[in-house]
>>> print(open('my_file_0.cif').read())   # mmCIF, C-alpha atoms and all ligand atoms
data_coords
loop_
_atom_site.label_atom_id
_atom_site.label_comp_id
_atom_site.auth_asym_id
_atom_site.auth_seq_id
_atom_site.Cartn_x
_atom_site.Cartn_y
_atom_site.Cartn_z
CA MET A 1 90.46 68.26 149.09
CA PRO A 2 92.92 67.59 146.23
CA ASP A 3 92.72 69.53 142.99
CA VAL A 4 90.24 68.14 140.47
CA GLN A 5 91.29 67.72 136.84
CA TYR A 6 88.40 68.33 134.51
CA ARG A 7 88.77 68.53 130.74
CA ASP A 8 91.82 70.82 130.39
CA PHE A 9 91.03 72.64 133.61
CA VAL A 10 92.09 72.38 137.23
CA ILE A 11 89.43 72.98 139.87
CA HIS A 12 90.37 73.61 143.49
CA PHE A 13 88.64 74.45 146.74
CA ASP A 14 89.79 77.48 148.67
CA ALA A 15 87.24 79.17 150.89
CA PRO A 16 87.99 82.84 151.42
CA PRO A 17 87.53 84.22 154.98
CA ILE A 18 84.22 85.88 154.16
CA PRO A 19 80.73 84.78 155.23
CA VAL A 20 79.46 84.07 151.72
CA ARG A 21 79.90 80.73 150.01
CA CYS A 22 79.49 81.91 146.42
CA CYS A 23 83.10 81.49 145.39
CA ASP A 24 84.74 78.75 147.42
CA TRP A 25 85.66 76.89 144.25
CA HIS A 26 88.02 78.17 141.61
CA PHE A 27 89.01 76.87 138.24
CA TYR A 28 91.57 77.75 135.64
CA HIS A 29 92.76 76.31 132.36
CA LYS A 30 96.08 74.44 132.34
CA ASP A 31 97.36 77.04 129.86
CA TYR A 32 95.92 79.96 131.82
CA ASP A 33 97.96 82.94 130.99
CA GLY A 34 97.04 85.86 133.22
CA PRO A 35 94.07 88.16 133.90
CA GLU A 36 93.46 88.82 130.18
CA ASP A 37 92.77 85.12 129.70
CA ASN A 38 89.06 84.36 130.31
CA ARG A 39 89.66 80.69 131.01
CA HIS A 40 89.19 80.91 134.76
CA GLY A 41 86.38 81.54 137.20
CA ASP A 42 84.78 80.90 140.58
CA GLY A 43 81.70 79.07 141.71
CA PRO A 44 79.79 77.95 144.81
CA SER A 45 80.41 74.25 144.16
CA LEU A 46 82.46 71.77 142.20
CA GLU A 47 79.43 70.97 140.03
CA ASP A 48 78.91 74.64 139.28
CA CYS A 49 82.52 75.03 138.16
CA LYS A 50 82.21 71.96 135.94
CA ALA A 51 79.06 73.39 134.37
CA GLN A 52 80.88 76.66 133.65
CA ILE A 53 83.74 74.72 132.06
CA ASP A 54 81.26 72.69 129.98
CA ASP A 55 79.65 75.89 128.72
CA TRP A 56 83.02 77.32 127.82
CA TRP A 57 84.12 74.12 126.15
CA LEU A 58 80.94 73.62 124.12
CA GLY A 59 81.37 77.12 122.75
CA GLN A 60 84.92 76.50 121.59
CA PRO A 61 85.49 76.66 117.87
CA CYS A 62 88.76 74.73 118.22
CA LEU A 63 88.84 71.08 117.26
CA THR A 64 90.79 68.40 119.06
CA GLY A 65 92.97 66.09 116.95
CA THR A 66 90.39 63.32 117.21
CA GLU A 67 87.53 65.62 116.21
CA LEU A 68 89.50 66.97 113.29
CA LYS A 69 90.24 63.50 111.97
CA ALA A 70 86.60 62.38 112.33
CA GLN A 71 85.32 65.51 110.59
CA SER A 72 87.68 65.22 107.66
CA GLU A 73 86.54 61.61 107.21
CA ARG A 74 82.90 62.73 107.14
CA CYS A 75 83.52 65.65 104.78
CA ALA A 76 83.42 65.45 100.98
CA CYS A 77 86.92 66.95 100.82
CA ARG A 78 88.31 64.15 103.01
CA GLY A 79 90.41 66.71 104.83
CA SER A 80 92.44 67.53 101.73
CA ASP A 81 91.14 71.09 101.40
CA ASP A 82 93.00 73.38 103.80
CA TYR A 83 90.33 76.05 103.44
CA CYS A 84 87.39 73.74 104.05
CA LEU A 85 85.39 74.38 107.23
CA CYS A 86 85.81 70.74 108.27
CA GLY A 87 89.34 71.65 109.32
CA SER A 88 88.40 74.50 111.62
CA VAL A 89 84.74 74.61 112.69
CA PRO A 90 82.95 71.91 114.71
CA ASP A 91 80.16 70.37 112.65
CA LYS A 92 76.87 69.11 114.02
CA ALA A 93 78.15 65.58 114.67
CA THR A 94 81.12 66.96 116.61
CA LEU A 95 78.86 69.16 118.73
CA ASP A 96 76.54 66.20 119.36
CA LEU A 97 79.52 64.12 120.48
CA ARG A 98 80.68 66.90 122.79
CA ARG A 99 77.23 67.08 124.36
CA ALA A 100 77.12 63.29 124.73
CA SER A 101 80.52 63.24 126.45
CA GLU A 102 79.39 66.11 128.65
CA ILE A 103 76.48 63.99 129.89
CA THR A 104 78.78 61.01 130.48
CA GLY A 105 81.21 63.29 132.30
CA ARG A 106 78.50 64.52 134.63
CA ALA A 107 77.23 61.02 135.34
CA ARG A 108 80.64 59.98 136.63
ZN ZN B 201 86.15 69.33 104.21
#
>>> encode(input="my_file_0.cif", output="structure tokens")
Amino acid sequence: MPDVQYRDFVIHFDAPPIPVRCCDWHFYHKDYDGPEDNRHGDGPSLEDCKAQIDDWWLGQPCLTGTELKAQSERCACRGSDDYCLCGSVPDKATLDLRRASEITGRAR
């Protein structure tokens, strides 16, 4: 089973030699940076790991470059105000798009 790339995470299968199947799958962010970094976890299945990544990702305040551009175009400030929330916080349309892409991602 090769590693699975999902969003900015890598998911891999590695069954420990114990008789429980709760944590055969592991995932970590590409920029994972040690035990203090919460961007990693275990799950009983690939789908479960993806769901955990989706939850993490939907809760992220950070905007991707594409999201940032789209938000500044929607906002009254047109992205010109450095202190405007459109430059830092996902708005409703961005969150809707994230949810829509999450559904597409799961359908694949
Ligand atoms: Zn703005």
>>> closest_residue(input="my_file_0.cif", among="A:Gly79, A:Gly65, A:Gly43, A:Pro90", to="ligand ZN 201 (chain B)", atoms="only C-alpha atoms and all ligand atoms")
A:Gly79
>>> residues_near_ligand(input="my_file_0.cif", ligand="ligand ZN 201 (chain B)", cutoff="8 Å", atoms="only C-alpha atoms and all ligand atoms", output="list of chain:residue names")
A:Gln71, A:Ser72, A:Arg74, A:Cys75, A:Ala76, A:Cys77, A:Arg78, A:Gly79, A:Ser80, A:Asp81, A:Asp82, A:Tyr83, A:Cys84, A:Leu85, A:Cys86, A:Gly87
>>> residues_around(input="my_file_0.cif", residues="Leu46 in chain A", least_positions_apart="6", cutoff="12 Å", atoms="all atoms listed in the file", output="PyMOL selection string")
chain A and resi 1-6+10-14+22-27+52-53+106
>>> residues_around(input="my_file_0.cif", residues="range 33-38 of chain A", least_positions_apart="4", cutoff="10 Å", atoms="all atoms listed in the file", output="list in words")
Tyr28, His29 and Trp56 of chain A
>>> atom_distance(input="my_file_0.cif", atom1="CA of Ala15 in chain A", atom2="CA of Trp57 in chain A")
25.4 Å
>>> atom_distance(input="my_file_0.cif", atom1="CA of Asp31 in chain A", atom2="CA of Pro17 in chain A")
27.9 Å
>>> residues_near_point(input="my_file_0.cif", point="(86.4, 73.5, 114.1)", cutoff="6 Å", atoms="all atoms listed in the file", output="PyMOL selection string")
chain A and resi 61-63+87-90
>>> atom_distance(input="my_file_0.cif", atom1="CA of Leu97 in chain A", atom2="CA of Asp42 in chain A")
26.7 Å
>>> decode(input="my_file_0.cif", residues="range 34-81 of chain A", atoms="C-alpha atoms", output="short mmCIF file (atom, residue, chain, number, x, y, z; two decimals), in the first residue's frame")
data_model
loop_
_atom_site.label_atom_id
_atom_site.label_comp_id
_atom_site.auth_asym_id
_atom_site.auth_seq_id
_atom_site.Cartn_x
_atom_site.Cartn_y
_atom_site.Cartn_z
CA GLY A 34 7.46 17.11 16.02
CA PRO A 35 5.25 15.96 18.90
CA GLU A 36 4.15 19.53 19.76
CA ASP A 37 2.58 19.81 16.32
CA ASN A 38 -1.03 18.54 16.40
CA ARG A 39 -1.16 17.89 12.66
CA HIS A 40 -0.90 14.13 12.91
CA GLY A 41 -3.03 11.24 14.10
CA ASP A 42 -4.12 7.62 13.76
CA GLY A 43 -7.28 5.93 12.64
CA PRO A 44 -8.81 2.53 11.92
CA SER A 45 -9.16 3.20 8.18
CA LEU A 46 -8.09 5.44 5.35
CA GLU A 47 -11.56 7.03 5.30
CA ASP A 48 -11.37 7.75 9.00
CA CYS A 49 -8.01 9.49 8.60
CA LYS A 50 -9.39 11.57 5.72
CA ALA A 51 -12.36 12.59 7.85
CA GLN A 52 -10.02 13.67 10.64
CA ILE A 53 -7.98 15.70 8.15
CA ASP A 54 -11.18 17.27 6.77
CA ASP A 55 -12.23 18.29 10.27
CA TRP A 56 -8.84 19.80 10.93
CA TRP A 57 -8.79 21.57 7.61
CA LEU A 58 -12.31 23.01 7.87
CA GLY A 59 -11.36 24.50 11.21
CA GLN A 60 -8.30 26.25 9.84
CA PRO A 61 -8.37 30.02 9.95
CA CYS A 62 -5.60 30.21 7.33
CA LEU A 63 -6.51 31.10 3.78
CA THR A 64 -4.92 29.62 0.69
CA GLY A 65 -3.72 32.04 -2.00
CA THR A 66 -6.76 31.28 -4.13
CA GLU A 67 -9.17 31.80 -1.23
CA LEU A 68 -7.48 35.05 -0.29
CA LYS A 69 -7.79 36.41 -3.81
CA ALA A 70 -11.46 35.39 -4.10
CA GLN A 71 -12.29 36.94 -0.72
CA SER A 72 -10.61 40.24 -1.47
CA GLU A 73 -12.58 40.41 -4.73
CA ARG A 74 -15.84 39.86 -2.82
CA CYS A 75 -15.01 42.35 -0.07
CA ALA A 76 -15.81 46.06 -0.16
CA CYS A 77 -12.15 46.86 0.53
CA ARG A 78 -11.06 44.89 -2.56
CA GLY A 79 -8.15 43.52 -0.57
CA SER A 80 -6.57 46.95 -0.16
CA ASP A 81 -7.08 47.12 3.61
#
